[in-house]
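Data from start-v1.csv: CSV, C-alpha atoms and all ligand atoms
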```csv
chain,number,residue,atom,x,y,z
A,1,MET,CA,-62.1,-121.1,-1.2
A,2,LYS,CA,-63.5,-122.4,2.1
A,3,SER,CA,-64.2,-125.8,0.5
A,4,ILE,CA,-60.6,-125.9,-0.8
A,5,ILE,CA,-59.2,-125.2,2.6
A,6,GLU,CA,-61.5,-127.8,4.1
A,7,ASN,CA,-61.2,-130.5,1.6
A,8,ALA,CA,-57.7,-130.5,-0.1
A,9,ASN,CA,-54.8,-132.4,1.4
A,10,TRP,CA,-52.9,-129.8,3.5
A,11,SER,CA,-51.4,-132.5,5.7
A,12,ILE,CA,-48.3,-131.9,7.8
A,13,PRO,CA,-46.5,-135.3,7.8
A,14,SER,CA,-44.1,-134.3,10.5
A,15,PHE,CA,-43.9,-131.5,13.1
A,16,ILE,CA,-41.4,-131.0,15.9
A,17,GLU,CA,-40.6,-128.4,18.5
A,18,ASN,CA,-36.9,-127.6,18.9
A,19,LYS,CA,-35.9,-128.6,22.4
A,20,ASN,CA,-32.7,-126.7,22.0
A,21,TYR,CA,-34.2,-123.4,21.2
A,22,LYS,CA,-32.2,-120.4,22.5
A,23,PHE,CA,-32.1,-117.3,20.5
A,24,ASP,CA,-28.6,-115.8,20.9
A,25,LYS,CA,-28.2,-112.7,18.8
A,26,GLU,CA,-24.4,-112.5,19.3
A,27,LYS,CA,-23.8,-116.1,18.4
A,28,ILE,CA,-25.9,-115.8,15.3
A,29,LEU,CA,-24.0,-112.7,14.2
A,30,THR,CA,-20.8,-114.4,14.8
A,31,SER,CA,-21.8,-117.2,12.4
A,32,LEU,CA,-22.9,-114.7,9.8
A,33,PRO,CA,-20.8,-111.6,10.7
A,34,GLU,CA,-22.4,-108.1,10.5
A,35,LYS,CA,-19.5,-106.8,8.4
A,36,PHE,CA,-20.5,-109.4,5.7
A,37,ILE,CA,-24.2,-108.2,5.9
A,38,ASP,CA,-23.2,-104.5,5.8
A,39,GLU,CA,-20.9,-105.0,2.8
A,40,ALA,CA,-23.5,-107.1,0.9
A,41,ILE,CA,-26.3,-104.6,1.4
A,42,GLN,CA,-24.1,-101.6,0.4
A,43,SER,CA,-22.9,-103.4,-2.7
A,44,ILE,CA,-26.3,-104.9,-3.9
A,45,SER,CA,-28.3,-101.7,-3.3
A,46,LYS,CA,-25.9,-99.9,-5.7
A,47,TRP,CA,-26.5,-102.4,-8.6
A,48,GLU,CA,-28.1,-100.5,-11.4
A,49,SER,CA,-31.3,-102.5,-11.7
A,50,TYR,CA,-31.8,-102.9,-7.9
A,51,VAL,CA,-35.2,-102.2,-6.5
A,52,PRO,CA,-36.7,-103.8,-3.3
A,53,THR,CA,-39.2,-106.5,-4.1
A,54,PRO,CA,-42.9,-106.0,-3.0
A,55,LEU,CA,-44.2,-107.0,0.4
A,56,ARG,CA,-47.7,-108.1,-0.4
A,57,LYS,CA,-50.6,-108.9,2.0
A,58,LEU,CA,-52.6,-112.1,1.6
A,59,ASN,CA,-55.8,-110.5,2.8
A,60,LYS,CA,-58.2,-112.9,1.1
A,61,LEU,CA,-56.4,-115.9,2.6
A,62,ASN,CA,-56.4,-114.2,5.9
A,63,ARG,CA,-60.2,-113.6,5.8
A,64,GLU,CA,-60.5,-117.4,5.9
A,65,LEU,CA,-57.8,-118.1,8.5
A,66,GLY,CA,-58.4,-115.2,10.8
A,67,PHE,CA,-54.9,-114.2,11.8
A,68,LYS,CA,-54.0,-110.5,12.2
A,69,GLU,CA,-52.0,-110.2,9.0
A,70,ILE,CA,-50.3,-112.4,6.5
A,71,TYR,CA,-47.4,-110.9,4.5
A,72,TYR,CA,-45.8,-112.4,1.5
A,73,LYS,CA,-42.4,-111.2,0.2
A,74,ASP,CA,-42.7,-111.5,-3.6
A,75,GLU,CA,-39.3,-112.5,-5.1
A,76,ASP,CA,-40.8,-112.9,-8.6
A,77,LYS,CA,-39.8,-109.3,-8.9
A,78,ARG,CA,-36.1,-109.8,-8.0
A,79,PHE,CA,-34.1,-108.4,-11.0
A,80,ASP,CA,-34.8,-110.4,-14.1
A,81,LEU,CA,-33.9,-113.6,-12.3
A,82,LYS,CA,-37.2,-113.8,-10.4
A,83,SER,CA,-35.8,-115.4,-7.2
A,84,PHE,CA,-34.0,-114.3,-4.0
A,85,LYS,CA,-31.1,-116.4,-5.1
A,86,ALA,CA,-30.1,-113.5,-7.4
A,87,LEU,CA,-28.8,-111.7,-4.3
A,88,GLY,CA,-26.3,-114.3,-3.1
A,89,GLY,CA,-24.3,-115.9,-5.8
A,90,ALA,CA,-23.9,-112.7,-7.9
A,91,PHE,CA,-22.7,-110.8,-4.8
A,92,ALA,CA,-20.1,-113.4,-4.0
A,93,VAL,CA,-18.9,-113.5,-7.6
A,94,ASN,CA,-18.5,-109.7,-7.6
A,95,LYS,CA,-16.5,-109.7,-4.4
A,96,ILE,CA,-14.2,-112.6,-5.5
A,97,ALA,CA,-13.6,-110.9,-8.9
A,98,ASN,CA,-12.7,-107.6,-7.2
A,99,GLU,CA,-10.1,-109.5,-5.1
A,100,LYS,CA,-8.8,-112.0,-7.6
A,101,GLY,CA,-9.5,-110.6,-11.0
A,102,ASN,CA,-9.9,-112.8,-14.0
A,103,VAL,CA,-11.1,-116.2,-12.7
A,104,THR,CA,-13.5,-118.9,-13.9
A,105,PHE,CA,-16.4,-119.5,-11.6
A,106,ALA,CA,-18.0,-122.9,-11.0
A,107,THR,CA,-21.1,-124.1,-9.1
A,108,ALA,CA,-23.6,-126.9,-8.7
A,109,THR,CA,-27.3,-125.9,-8.6
A,110,ALA,CA,-30.9,-126.9,-8.8
A,111,GLY,CA,-31.3,-123.8,-11.0
A,112,ASN,CA,-31.8,-120.5,-9.2
A,113,HIS,CA,-28.4,-120.3,-7.5
A,114,GLY,CA,-26.6,-121.2,-10.8
A,115,ARG,CA,-28.5,-118.5,-12.6
A,116,SER,CA,-27.3,-115.9,-10.0
A,117,VAL,CA,-23.6,-117.0,-10.4
A,118,ALA,CA,-23.9,-117.0,-14.2
A,119,TRP,CA,-25.5,-113.6,-14.2
A,120,GLY,CA,-22.8,-112.2,-11.8
A,121,ALA,CA,-20.1,-113.7,-14.1
A,122,GLN,CA,-21.7,-112.4,-17.3
A,123,ARG,CA,-21.9,-108.9,-15.9
A,124,LEU,CA,-18.1,-108.9,-15.4
A,125,GLY,CA,-17.3,-110.7,-18.7
A,126,LEU,CA,-16.0,-113.8,-16.8
A,127,LYS,CA,-16.4,-117.5,-17.5
A,128,CYS,CA,-18.7,-119.7,-15.6
A,129,LYS,CA,-19.3,-123.5,-15.4
A,130,ILE,CA,-22.6,-124.8,-14.0
A,131,PHE,CA,-23.1,-128.4,-12.9
A,132,ILE,CA,-26.7,-129.7,-12.8
A,133,SER,CA,-28.2,-133.0,-12.0
A,134,GLU,CA,-30.5,-135.1,-14.2
A,135,PHE,CA,-33.5,-133.7,-12.4
A,136,VAL,CA,-33.0,-130.0,-13.4
A,137,SER,CA,-35.3,-129.1,-16.2
A,138,GLU,CA,-34.2,-128.0,-19.7
A,139,SER,CA,-35.9,-124.7,-19.3
A,140,ARG,CA,-33.7,-124.0,-16.2
A,141,ALA,CA,-30.6,-125.2,-18.0
A,142,LYS,CA,-31.4,-122.9,-20.9
A,143,ALA,CA,-31.8,-119.9,-18.7
A,144,MET,CA,-28.2,-120.4,-17.5
A,145,LYS,CA,-26.9,-121.0,-21.0
A,146,ASP,CA,-28.6,-117.7,-22.1
A,147,LEU,CA,-26.4,-116.0,-19.5
A,148,ASN,CA,-23.3,-117.5,-21.3
A,149,ALA,CA,-22.6,-120.2,-18.7
A,150,ASP,CA,-21.3,-123.7,-19.8
A,151,VAL,CA,-23.9,-126.0,-18.4
A,152,ILE,CA,-22.7,-129.5,-17.5
A,153,ARG,CA,-25.3,-132.2,-16.8
A,154,VAL,CA,-24.3,-134.9,-14.4
A,155,LYS,CA,-25.9,-138.3,-13.9
A,156,GLY,CA,-27.6,-138.6,-10.5
A,157,ASN,CA,-29.0,-136.1,-8.0
A,158,TYR,CA,-27.9,-132.7,-6.7
A,159,ASP,CA,-25.2,-134.2,-4.5
A,160,ALA,CA,-23.7,-136.0,-7.5
A,161,SER,CA,-23.6,-132.7,-9.4
A,162,LEU,CA,-21.8,-131.0,-6.4
A,163,GLN,CA,-19.2,-133.7,-6.2
A,164,GLU,CA,-18.5,-133.4,-9.9
A,165,CYS,CA,-18.3,-129.6,-9.6
A,166,ILE,CA,-15.7,-129.9,-6.8
A,167,LYS,CA,-13.7,-132.5,-8.7
A,168,GLN,CA,-13.5,-130.6,-12.0
A,169,SER,CA,-12.9,-127.3,-10.1
A,170,GLU,CA,-9.9,-128.7,-8.3
A,171,GLN,CA,-8.4,-130.1,-11.6
A,172,ASN,CA,-8.9,-126.8,-13.5
A,173,ASN,CA,-8.4,-124.3,-10.7
A,174,TRP,CA,-11.9,-122.9,-11.0
A,175,GLU,CA,-13.3,-120.7,-8.2
A,176,ILE,CA,-16.3,-122.6,-6.6
A,177,VAL,CA,-19.1,-120.3,-5.6
A,178,GLN,CA,-21.4,-122.7,-3.6
A,179,ASP,CA,-24.5,-121.8,-1.6
A,180,VAL,CA,-23.9,-124.8,0.8
A,181,SER,CA,-20.9,-124.9,3.2
A,182,TRP,CA,-19.0,-127.9,4.6
A,183,GLU,CA,-15.9,-128.2,6.9
A,184,GLY,CA,-13.2,-126.0,5.3
A,185,TYR,CA,-15.6,-124.2,3.0
A,186,LYS,CA,-17.4,-121.5,4.8
A,187,GLU,CA,-16.4,-118.1,3.7
A,188,ILE,CA,-18.2,-118.0,0.3
A,189,PRO,CA,-21.4,-119.5,1.6
A,190,LYS,CA,-21.4,-116.7,4.3
A,191,LEU,CA,-21.1,-114.1,1.5
A,192,ILE,CA,-24.0,-115.7,-0.3
A,193,MET,CA,-26.1,-115.7,2.8
A,194,ALA,CA,-25.2,-112.1,3.6
A,195,GLY,CA,-26.6,-111.2,0.1
A,196,TYR,CA,-29.9,-112.8,1.0
A,197,THR,CA,-30.3,-110.7,4.2
A,198,ILE,CA,-31.2,-107.6,2.2
A,199,MET,CA,-34.7,-109.1,2.1
A,200,ILE,CA,-35.1,-108.5,5.8
A,201,LYS,CA,-33.7,-104.9,5.5
A,202,GLU,CA,-36.3,-104.3,2.8
A,203,ILE,CA,-39.1,-105.8,4.7
A,204,ILE,CA,-38.4,-103.8,7.8
A,205,ASP,CA,-38.2,-100.6,5.8
A,206,GLN,CA,-41.4,-101.5,4.0
A,207,ILE,CA,-43.5,-102.4,7.1
A,208,LYS,CA,-42.1,-99.5,9.2
A,209,ASP,CA,-42.3,-101.6,12.4
A,210,ASN,CA,-40.9,-105.1,13.1
A,211,SER,CA,-43.6,-106.7,15.1
A,212,PHE,CA,-43.9,-110.1,13.2
A,213,THR,CA,-44.9,-112.9,15.5
A,214,HIS,CA,-44.3,-115.9,13.1
A,215,VAL,CA,-41.9,-116.3,10.2
A,216,PHE,CA,-42.1,-119.3,7.9
A,217,LEU,CA,-38.9,-120.2,6.2
A,218,GLN,CA,-38.6,-122.9,3.5
A,219,ALA,CA,-35.3,-124.8,3.5
A,220,GLY,CA,-33.2,-126.7,1.1
A,221,VAL,CA,-29.7,-126.6,2.6
A,222,GLY,CA,-31.0,-124.0,5.0
A,223,GLY,CA,-28.9,-121.0,3.8
A,224,MET,CA,-31.9,-118.8,3.1
A,225,ALA,CA,-33.6,-119.7,6.4
A,226,ALA,CA,-30.5,-119.0,8.5
A,227,ALA,CA,-29.8,-115.8,6.6
A,228,MET,CA,-33.3,-114.5,7.3
A,229,ILE,CA,-32.8,-115.3,11.0
A,230,ALA,CA,-29.5,-113.4,11.0
A,231,GLY,CA,-31.3,-110.6,9.3
A,232,PHE,CA,-33.8,-110.4,12.1
A,233,ALA,CA,-31.0,-110.6,14.7
A,234,LYS,CA,-29.4,-107.6,13.0
A,235,PHE,CA,-32.3,-105.4,11.9
A,236,SER,CA,-35.3,-106.2,14.2
A,237,ASN,CA,-35.7,-105.6,17.9
A,238,SER,CA,-38.4,-108.1,18.3
A,239,ILE,CA,-37.8,-111.7,17.5
A,240,PRO,CA,-40.6,-113.8,16.1
A,241,LYS,CA,-41.1,-117.6,16.1
A,242,PHE,CA,-39.2,-119.2,13.2
A,243,ILE,CA,-40.8,-122.2,11.6
A,244,ILE,CA,-38.8,-124.2,9.1
A,245,VAL,CA,-40.7,-125.8,6.2
A,246,GLU,CA,-39.3,-128.6,4.1
A,247,PRO,CA,-40.5,-131.2,1.6
A,248,GLN,CA,-41.3,-134.5,3.3
A,249,ASN,CA,-38.9,-136.2,0.9
A,250,ALA,CA,-35.9,-133.9,1.7
A,251,ASN,CA,-36.2,-133.1,5.4
A,252,CYS,CA,-32.6,-132.7,6.4
A,253,VAL,CA,-33.2,-129.7,8.8
A,254,PHE,CA,-36.1,-131.6,10.4
A,255,GLU,CA,-34.0,-134.7,11.0
A,256,SER,CA,-31.1,-132.6,12.2
A,257,ILE,CA,-33.3,-130.8,14.8
A,258,ALA,CA,-34.8,-134.1,15.8
A,259,ASN,CA,-31.3,-135.7,16.3
A,260,ASN,CA,-29.7,-132.5,17.7
A,261,LYS,CA,-26.9,-132.9,15.1
A,262,ALA,CA,-26.5,-132.3,11.4
A,263,THR,CA,-28.0,-135.4,9.8
A,264,THR,CA,-27.9,-136.5,6.2
A,265,VAL,CA,-31.1,-137.6,4.5
A,266,ASN,CA,-31.1,-140.1,1.7
A,267,ILE,CA,-33.5,-138.6,-1.0
A,268,VAL,CA,-35.4,-141.6,-2.4
A,269,ASN,CA,-38.2,-139.7,-4.2
A,270,GLU,CA,-37.5,-136.3,-5.7
A,271,THR,CA,-40.0,-133.5,-4.6
A,272,ILE,CA,-41.1,-131.1,-7.3
A,273,MET,CA,-39.8,-128.3,-5.1
A,274,GLY,CA,-36.4,-128.8,-6.8
A,275,GLY,CA,-34.6,-125.9,-5.1
A,276,MET,CA,-35.4,-127.5,-1.7
A,277,SER,CA,-34.4,-131.1,-2.6
A,278,CYS,CA,-31.3,-131.3,-0.5
A,279,GLY,CA,-30.1,-134.1,1.7
A,280,ASP,CA,-27.6,-132.2,3.8
A,281,VAL,CA,-27.9,-129.0,5.8
A,282,SER,CA,-25.2,-126.4,5.2
A,283,THR,CA,-22.7,-126.3,8.0
A,284,VAL,CA,-22.9,-122.5,8.5
A,285,ALA,CA,-26.7,-122.6,8.3
A,286,TRP,CA,-26.8,-125.3,10.9
A,287,GLU,CA,-24.8,-123.3,13.3
A,288,ILE,CA,-27.7,-120.8,13.3
A,289,LEU,CA,-30.7,-123.1,12.8
A,290,LYS,CA,-29.8,-125.5,15.6
A,291,ASN,CA,-30.7,-123.0,18.3
A,292,ALA,CA,-32.8,-120.3,16.5
A,293,THR,CA,-35.4,-122.6,15.0
A,294,ASN,CA,-38.6,-122.8,17.1
A,295,TYR,CA,-40.4,-125.5,15.1
A,296,SER,CA,-39.7,-127.6,12.1
A,297,LEU,CA,-42.3,-129.3,9.8
A,298,THR,CA,-42.7,-131.0,6.5
A,299,ILE,CA,-45.2,-130.7,3.7
A,300,THR,CA,-46.1,-132.9,0.7
A,301,ASP,CA,-46.2,-131.9,-2.9
A,302,ASP,CA,-50.0,-132.5,-3.1
A,303,GLU,CA,-51.2,-128.9,-2.9
A,304,ILE,CA,-48.4,-127.0,-4.6
A,305,SER,CA,-50.4,-126.7,-7.8
A,306,THR,CA,-53.5,-125.6,-5.9
A,307,VAL,CA,-51.7,-122.7,-4.3
A,308,VAL,CA,-49.9,-121.7,-7.5
A,309,ALA,CA,-53.3,-121.4,-9.2
A,310,MET,CA,-55.0,-119.6,-6.2
A,311,LEU,CA,-52.3,-117.0,-6.3
A,312,ALA,CA,-52.5,-116.6,-10.1
A,313,GLU,CA,-56.3,-116.3,-9.9
A,314,ILE,CA,-56.3,-113.6,-7.2
A,315,LYS,CA,-57.9,-115.9,-4.6
A,316,LEU,CA,-55.5,-115.2,-1.8
A,317,SER,CA,-54.6,-111.5,-2.2
A,318,GLU,CA,-56.0,-108.5,-4.0
A,319,GLU,CA,-53.4,-108.8,-6.8
A,320,LYS,CA,-52.2,-111.5,-9.0
A,321,ILE,CA,-49.1,-113.3,-7.8
A,322,ILE,CA,-46.9,-115.5,-9.9
A,323,ALA,CA,-45.3,-118.1,-7.7
A,324,GLY,CA,-43.0,-121.0,-8.5
A,325,GLU,CA,-43.0,-124.3,-6.7
A,326,CYS,CA,-40.6,-123.2,-4.0
A,327,ALA,CA,-42.6,-120.0,-3.3
A,328,VAL,CA,-45.7,-121.7,-1.8
A,329,PRO,CA,-44.5,-123.9,1.1
A,330,GLY,CA,-45.2,-121.2,3.7
A,331,ILE,CA,-48.9,-121.0,2.6
A,332,ILE,CA,-49.3,-124.8,2.5
A,333,ALA,CA,-47.8,-125.0,6.0
A,334,LEU,CA,-50.0,-122.3,7.3
A,335,ILE,CA,-53.2,-123.8,6.0
A,336,GLY,CA,-52.0,-127.2,7.3
A,337,LEU,CA,-51.5,-125.8,10.8
A,338,TYR,CA,-54.8,-124.0,10.6
A,339,LYS,CA,-56.5,-127.4,10.0
A,340,LYS,CA,-54.7,-129.0,12.9
A,341,LYS,CA,-55.9,-127.1,15.9
A,342,GLU,CA,-53.4,-128.7,18.4
A,343,TYR,CA,-50.5,-127.4,16.3
A,344,LEU,CA,-52.2,-123.9,16.0
A,345,SER,CA,-52.3,-123.5,19.8
A,346,LYS,CA,-48.8,-125.0,20.3
A,347,LEU,CA,-47.5,-122.3,18.0
A,348,ASP,CA,-49.6,-119.5,19.5
A,349,LEU,CA,-51.1,-118.8,16.1
A,350,ASN,CA,-54.2,-116.7,16.7
A,351,SER,CA,-56.0,-113.5,15.8
A,352,ASN,CA,-53.0,-111.5,17.1
A,353,SER,CA,-50.5,-113.2,14.8
A,354,LYS,CA,-48.6,-111.2,12.2
A,355,ILE,CA,-47.2,-113.7,9.9
A,356,LEU,CA,-44.4,-113.4,7.3
A,357,LEU,CA,-44.0,-115.8,4.3
A,358,PHE,CA,-41.4,-115.9,1.6
A,359,GLY,CA,-42.4,-116.2,-2.0
A,360,CYS,CA,-38.9,-117.2,-2.8
A,361,GLU,CA,-39.4,-117.5,-6.6
A,362,GLY,CA,-41.7,-116.5,-9.4
A,363,LEU,CA,-41.5,-117.5,-13.0
A,364,THR,CA,-38.1,-119.3,-12.9
A,365,ASP,CA,-39.2,-122.3,-14.9
A,366,THR,CA,-41.9,-121.5,-17.4
A,367,ALA,CA,-42.7,-125.1,-18.4
A,368,MET,CA,-43.1,-126.2,-14.7
A,369,TYR,CA,-45.2,-123.1,-13.9
A,370,GLU,CA,-47.6,-123.8,-16.8
A,371,LYS,CA,-48.0,-127.4,-15.8
A,372,LEU,CA,-48.7,-126.5,-12.1
A,373,LEU,CA,-51.1,-123.7,-13.1
A,374,LYS,CA,-53.0,-126.1,-15.4
A,375,ASP,CA,-53.2,-128.8,-12.8
A,376,GLY,CA,-54.2,-126.3,-10.1
A,377,LEU,CA,-56.9,-124.6,-12.1
A,378,LYS,CA,-58.7,-128.0,-12.2
A,379,LYS,CA,-58.8,-128.1,-8.4
A,380,ILE,CA,-59.8,-124.5,-7.5
B,1,LIG,C1,-36.7,-120.6,-4.9
B,1,LIG,C2,-35.9,-121.3,-3.8
B,1,LIG,N1,-36.4,-121.3,-2.6
B,1,LIG,C3,-35.8,-121.9,-1.6
B,1,LIG,C4,-34.6,-122.5,-1.7
B,1,LIG,C5,-33.9,-123.1,-0.6
B,1,LIG,O1,-32.8,-122.3,-0.2
B,1,LIG,P1,-31.6,-122.9,0.7
B,1,LIG,O2,-31.0,-124.0,-0.1
B,1,LIG,O3,-30.7,-121.8,1.0
B,1,LIG,O4,-32.2,-123.5,1.9
B,1,LIG,C6,-34.0,-122.5,-3.0
B,1,LIG,C7,-32.7,-123.1,-3.2
B,1,LIG,O5,-32.2,-123.2,-4.3
B,1,LIG,C8,-34.7,-121.9,-4.1
B,1,LIG,O6,-34.2,-121.8,-5.3
```

Produce structure tokens that represent the structure in this file.
Ligand SMILES: Cc1ncc(COP(=O)(O)O)c(C=O)c1O
Amino acid sequence: MKSIIENANWSIPSFIENKNYKFDKEKILTSLPEKFIDEAIQSISKWESYVPTPLRKLNKLNRELGFKEIYYKDEDKRFDLKSFKALGGAFAVNKIANEKGNVTFATATAGNHGRSVAWGAQRLGLKCKIFISEFVSESRAKAMKDLNADVIRVKGNYDASLQECIKQSEQNNWEIVQDVSWEGYKEIPKLIMAGYTIMIKEIIDQIKDNSFTHVFLQAGVGGMAAAMIAGFAKFSNSIPKFIIVEPQNANCVFESIANNKATTVNIVNETIMGGMSCGDVSTVAWEILKNATNYSLTITDDEISTVVAMLAEIKLSEEKIIAGECAVPGIIALIGLYKKKEYLSKLDLNSNSKILLFGCEGLTDTAMYEKLLKDGLKKI
């Protein structure tokens, strides 16, 4: 384990401190209103299969790194959908169906969000159209078809699938349930983000205090990260440092923080962290992230398989953890920071640090998981 931490490529290609940091609880809870959060939590906690997901401790990893504690929220156990995304899309579908009745839902997705929308629609016996790019795997497409969704593959990347979804939805009067917001489309993304915040309510109930010092948040369009920050604003009386982690090839939050304005990134090479391969930060998320982010950094794909295998082989905790490719960025970033002492001290990461990581997904793509595990086992 020591040699893996010493020798593998845990590099952090870019790292930035947010010069505009100013945590303003009221402003955050205006962007994501408390009434949305309350309604989401009341609704989701009554769903018949609802149970909080486990908050695990990565004690073996921490023995190497020497912080106070490292916690890992394990979303592999989120319903049968195995990712936190199950909370957002399905909640929005429920609420819209309650208000509008028999509608057809539509969305564009890298996989997990679409599965949530399809699941929500299926539970209500409603139709659902899912647009996916050429990069979404067949196994993810099948998972959505199995939930009775019509899956439409679009040539090009995620953005192309979103444009096609918007076009066809306007022509056919379908109800778009999208996890990214843009000017004029904010209400539904807020509902989706409100659904995600139940993770923070669960964590604070599980840990019985709220004294985290550092929280690592992986970002695609930034919805999850901003929702977690809003969750802290609502449920916690101590505010940790928030560190955004993105793929080097899709670093729209990083560029936006660097430029102090929402900035589009042209994705040239796709990362294998498909759920995080987004070129634009969500408008609602940006309203929160622009001031509440402390640091933003990027990672490469190099050690994803290493961490997937280490979690599966009980090298980082006392129990086996099944983690998909988007679950491991926090661990990669933490080891990367540990290896770069000037970053460690900049972030005040030391033996008093109580760290929270999000294992955003588990076995959401079996073929990808098996490949990562096979590759990783050769390295550990
Ligand atoms: C497993 C997983 N993690 C993280 C993300 C990123 O979330 P967001 O796009 O809200 O930033 C996604 C997005 O699909 C995801 O599926």

Practice task
Enumerate as a list in words the residues within 7 Å of ligand LIG 1 (chain B), counting only C-alpha atoms and all ligand atoms.
Solution key: Ser83, Phe84, Lys85, Ala110, Gly111, Asn112, His113, Asp179, Gln218, Ala219, Gly220, Val221, Gly222, Gly223, Met224, Ala225, Gly275, Met276, Cys326, Ala327, Cys360 and Glu361 of chain A

Using only C-alpha atoms, the residue out of A:Ile380, A:Asp302, A:Leu372, A:Ala233 with shortest distance to Thr30 (chain A) is A:Ala233

Please identify every residue of region 295-367 of chain A that has at least one atom no farther than 12 Å from an atom of region 126-137 of chain A, counting all atoms listed in the file, and for each give the shortest atom pair and the distance in Å to one decimal, arranged by chain then increasing number, as a tab-separated table.
```
residue	atom	partner	partner_atom	distance
A:Thr364	CA	A:Ser137	CA	10.7
A:Asp365	CA	A:Ser137	CA	7.9
A:Thr366	CA	A:Ser137	CA	10.1
A:Ala367	CA	A:Ser137	CA	8.7
```

Residue neighbourhood region 263-265 of chain A, 7 Å, all atoms listed in the file, exclusion window fewer than 6 positions, as a list of chain:residue names: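 Result of the neighbour search: A:Ala250, A:Asn251, A:Cys252, A:Glu255, A:Ser256, A:Gly279, A:Asp280.
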
Original post:
Nearest to Lys68 (chain A) among A:Lys241, A:Lys201, A:His214, A:Lys374, with distances taken over only C-alpha atoms: which residue is it?
Top reply: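 The closest residue to Lys68 (chain A) is A:His214.
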
- Item | Nearest candidate to Tyr343 (chain A) (options A:Ser14, A:Asn260, A:Ser45, A:Asn237; using all atoms listed in the file) |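 Answer, going by the shortest atom-to-atom distance: A:Ser14.
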
- request: Please identify all polymer residues within 9 Å of Lys22 (chain A), counting only C-alpha atoms, omitting same-chain residues fewer than 5 positions from it, and present them as a list in words.
  value: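 In the requested format, the answer is Lys290, Asn291, Ala292, Thr293 and Asn294 of chain A.
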